[in-house]
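Since the structure comes first, as structure tokens, the remarks are kept for the end.
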Amino acid sequence: MGNRIYNILFHTHTVSGIVISVALYVIFFTGSFSFFRDEIANWQRGHTVSQEDALPSDIDGHLNDLSEAYNLYGRDVELRHYYNDRSISVNLGASKDSLASEDDRAPVFFYLDPVAKTKTETYADNYHLGEFLYRLHFLDQIPYPYGRYLAGLVAFFFLFAIITGILVHWNKIVSNFYTFRPWAKLKTMWTDAHTALGVIGFPFQFVYAVTGAFFLLKGILILPVVMGLYDGDQNKLYEDLEYNHPVYEFQNEKLANTINLDQYVDEMKADWGDFRVTETHIFNYGDKNMHAAISGYLGYKTKLNGLGYRIYKVADGSIAQEKVPTTNNSYLDGVKNMMFRLHFGDYAGYGLRVISFILGLVSCFVILSGIMIWLVARDKKNIPEKRRKFNRQVANWYMAICLSLLPVTALEFIIVKFAPEVNMGFLYQTYFPIWLVATVFFILKKDIAFTNKWTLISGGTLGLLVPIANGIATGNWLWTAYQNGHQQILLVDLLWLLLGIVSLWIAFFKLTTKRSGLVPSKS
Amino acid sequence: MPANKKYLTPSPWQRFAKISAAIFGGFIVAIMFHMALASWFDHVAVIITSTFSAFVLWAVLMVVAFMGKNGWKVWGIYLLASIVLGVACYFGNQTNPII
């Protein structure tokens, strides 16, 4: 690579990196916690979920309860399991019966807790800390569509930044891989950390950048395809990509026999083995043309892309349509499924998610070291003092915003354990103001080494307090959770215990280098 | 050390041309490339592949745009490529219409 190309790539890497750094840090930090979104939900509520990744058995029982509370005739009834918390989302379509009362013609949606048999009416009430961190990781607290598109663009420019980054570093990948000079010059420490961890994390980051860009920017892909190839018929595209449910006409004639979903599910499990039901969708409940679509997938140990469904005609119990997960999966299913599996890292148990969590935090460190390189490289005598002051201020702000996330998040985990009721409003009103205050405090201190040290110490201490707070508030101490097999609760407690220990260890044993040596001189 | 300034593009117009060619030009070429393929081959497979390959191609075209010496020339090349791909897409669509 010639000098010209090298310097151009270097410069584009720097500029794109520094522009997205803060948003990207927020995305990676909260995204790392989002691997455990459902565990955090269960931890917060003191629940434990035994059967994972599927609807609980005895669906007929729930349908019965529903039919007592609502007039289901002529409605579409959908039960869906999406996350691994206890709630099932229940979706009742408007009744298609022309004689239906006003009430029955209104669609209904709520979350059903199948254990406590309670329902939560709105999304805001079903909100929890896991959901909050998950949403923050694509900036969804900024109103739609701005937050998501912003996050999508950040993901895309991140892709650009890692490609230019790996190209710039290309010739030195092998020779510099073992170079780590923490006690040499300050700048070499940041550079070595940035390049070594950047190269190790590259495949991980590449996958997350591409899949993340797709999730958030798919709109700009769909538009030209619909206009250019489908003559504006968006529905046809979704049909081709198999996103649409089939349609069954309402015949307005009552059906004599009752529905027995559990029997269908048992039948499918007998035919397909390790099949997990995630969604049951009943068309035209109680009508002659009632159909039941049961969809799900094979356990990831059996087959990675084993998506399947079967639609029964309830009147005679015949199979109207099916996709056999053991044999019938197309390339289309594979891509659609893998985009999510790769991003969520949920196909290989806790091990993969823990590794992904660590790599996520490593990426956070790569971002921070990038900001520090940017600052240190520009803190030279030949650069005007005004400019240097400005750069220092920028880095100071960036560091304050990013690093204060650790103690603030740890504190929020403690707060939710003692709050009487946690919902969307509560999380917004605690998390954001605390984050703001912490950020302003560190900005005003104007000392990056101070910010670094004290966010680690406070974050580490608060992190260690998280399992203790959980024990005091609920009696679910680490050992009781372990004895009772409350895996999800134990996992979150252990995560914070380790995070706390590591943070304090870094703060007290790894930051012992003279403070003056860690950041550029203050003057 | 920061990148050596003597190799960077000094003129604001050139910078504008390169940045816009990278972001918009790259996007148009990446999309047209996939649409041209979709119009001639198995369109479902191409469209679902584009969910990842379009982003990768777009990012690569972005990198390439910055390597050029003249930003307007980069725009010219990207526009020309888009037109050629657009014509291919048009005839593909005529031969095997999806709708």
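Letters for chains follow the order of the structure tokens (A, B, ...), residue numbers begin at 1 for each chain, and ligand numbers begin at 1 in the order shown.
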
**Request:** Show which residues sit within 9 Å of A:Leu491, as an MDAnalysis selection string. Count only C-alpha atoms, and ignore same-chain residues fewer than 5 positions away.
**Result:** chainID A and resid 36 39:40 43 486 496

**Request:** Using only C-alpha atoms, select each residue of chain A with any atom at most 7 Å away from an atom of chain B, and give the selection as an MDAnalysis selection string.
**Result:** chainID A and resid 4:5 7:8 10:11 159:160 210:211 214 225 229:230 240:241 332 335 377

Selection export as a tab-separated table (two decimals), in the first residue's frame, atoms kept: C-alpha atoms:
chain	number	residue	atom	x	y	z
A	4	ARG	CA	-1.03	8.17	-0.20
A	5	ILE	CA	-3.57	5.38	0.19
A	7	ASN	CA	-2.74	8.09	4.90
A	8	ILE	CA	-6.15	8.48	3.29
A	10	PHE	CA	-5.89	6.28	8.18
A	11	HIS	CA	-7.64	9.63	8.05
A	159	LEU	CA	-18.55	-1.19	9.42
A	160	PHE	CA	-16.67	1.40	7.37
A	210	VAL	CA	-23.46	-5.91	9.24
A	211	THR	CA	-26.41	-7.48	11.05
A	214	PHE	CA	-29.51	-4.57	8.39
A	225	VAL	CA	-36.46	-2.97	-4.48
A	229	LEU	CA	-38.74	-4.67	-9.16
A	230	TYR	CA	-42.19	-4.92	-7.63
A	240	ASP	CA	-42.06	-13.64	-1.63
A	241	LEU	CA	-39.95	-13.35	1.51
A	332	LEU	CA	-34.35	-17.94	2.51
A	335	VAL	CA	-30.54	-16.16	5.97
A	377	ALA	CA	-1.65	12.11	18.86

**Message:** I need the residues of chain B that end up classed as helix (DSSP H, G or I) by DSSP on the backbone, written out as JSON, numbers by chain.
**Reply:** {"B": [5, 6, 7, 12, 13, 14, 15, 16, 17, 18, 19, 20, 21, 22, 23, 24, 25, 26, 27, 28, 29, 30, 31, 32, 33, 34, 35, 36, 37, 38, 39, 40, 43, 44, 45, 46, 47, 48, 49, 50, 51, 52, 53, 54, 55, 56, 57, 58, 59, 60, 61, 62, 63, 64, 65, 66, 67, 71, 72, 73, 74, 75, 76, 77, 78, 79, 80, 81, 82, 83, 84, 85, 86, 87, 88, 89, 90, 91, 92, 93, 94, 95]}

**Request:** Find the residues near B:Gly25: any atom within 8 Å, counting only C-alpha atoms, skip ones fewer than 6 places away on the same chain, and give them as number ranges by chain.
**Result:** B: 75, 78-79

Store the residues picked out above, limited to C-alpha atoms, as a PDB file, in the first residue's frame.
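Dumped everything to result-v3.pdb:
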ATOM      1  CA  TRP B  75     -18.921  10.178  -9.069  1.00  0.00           C
ATOM      2  CA  TYR B  78     -20.312   5.324  -9.983  1.00  0.00           C
ATOM      3  CA  LEU B  79     -23.030   6.999 -12.037  1.00  0.00           C
TER       4      LEU B  79
END

**Request:** Name the residues in contact with A:Tyr264 at a cut-off of 9 Å, using only C-alpha atoms, excluding same-chain residues fewer than 4 positions from it; report them as a list of chain:residue names.
**Result:**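 Close residues of A:Tyr264: A:Asn260, A:Met268, A:Lys269, A:Ile294, A:Tyr312, A:Gly317.
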
Store the residues of this selection in a file with C-alpha atoms, as a short mmCIF file (atom, residue, chain, number, x, y, z; two decimals), in the first residue's frame.
data_model
loop_
_atom_site.label_atom_id
_atom_site.label_comp_id
_atom_site.auth_asym_id
_atom_site.auth_seq_id
_atom_site.Cartn_x
_atom_site.Cartn_y
_atom_site.Cartn_z
CA ASN A 260 -57.76 -28.92 20.86
CA MET A 268 -46.21 -32.22 15.61
CA LYS A 269 -43.72 -33.08 18.30
CA ILE A 294 -48.66 -23.58 14.89
CA TYR A 312 -54.64 -27.44 10.73
CA GLY A 317 -58.35 -31.98 11.73
#

**Request:** Could you give me, as a list in words, each residue of stretch 281-322 of chain A that DSSP assigns to strand (DSSP E or B) when run on this structure's backbone?
**Result:**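 Filtering stretch 281-322 of chain A to strand (DSSP E or B) leaves His281, Ile282, Phe283, Asp287, His291, Ala292, Ala293, Ile294, Ser295, Gly296, Tyr297, Leu298, Leu307, Gly308, Tyr309, Arg310, Ile311, Tyr312, Lys313, Ser318, Ile319, Ala320, Gln321 and Glu322 of chain A.
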
**Prompt:** Do you know which residues are at most 10 Å from A:Ala481 counting only C-alpha atoms, after dropping those on the same chain fewer than 2 positions away, and could you put them as a ChimeraX atom specification?
**Reply:** /A:46,48,471,475-479,483-491,493

What does the file look like for those residues with C-alpha atoms, as a short mmCIF file (atom, residue, chain, number, x, y, z; two decimals), in the first residue's frame?
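Now in again_31.cif:
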data_model
loop_
_atom_site.label_atom_id
_atom_site.label_comp_id
_atom_site.auth_asym_id
_atom_site.auth_seq_id
_atom_site.Cartn_x
_atom_site.Cartn_y
_atom_site.Cartn_z
CA GLY A 46 -37.52 -12.82 40.92
CA THR A 48 -37.44 -18.31 36.92
CA GLY A 471 -30.28 -10.81 48.44
CA GLY A 475 -33.89 -13.25 49.92
CA ASN A 476 -32.52 -14.72 46.70
CA TRP A 477 -28.89 -14.75 47.75
CA LEU A 478 -26.36 -16.23 45.36
CA TRP A 479 -26.28 -19.53 47.24
CA GLN A 483 -29.54 -24.32 45.46
CA ASN A 484 -32.96 -23.64 44.03
CA GLY A 485 -31.66 -23.79 40.48
CA HIS A 486 -32.69 -20.21 39.68
CA GLN A 487 -30.22 -20.03 36.83
CA GLN A 488 -31.23 -16.67 35.44
CA ILE A 489 -31.07 -14.90 38.79
CA LEU A 490 -27.75 -16.52 39.61
CA LEU A 491 -26.32 -15.52 36.25
CA ASP A 493 -25.70 -11.81 40.19
#
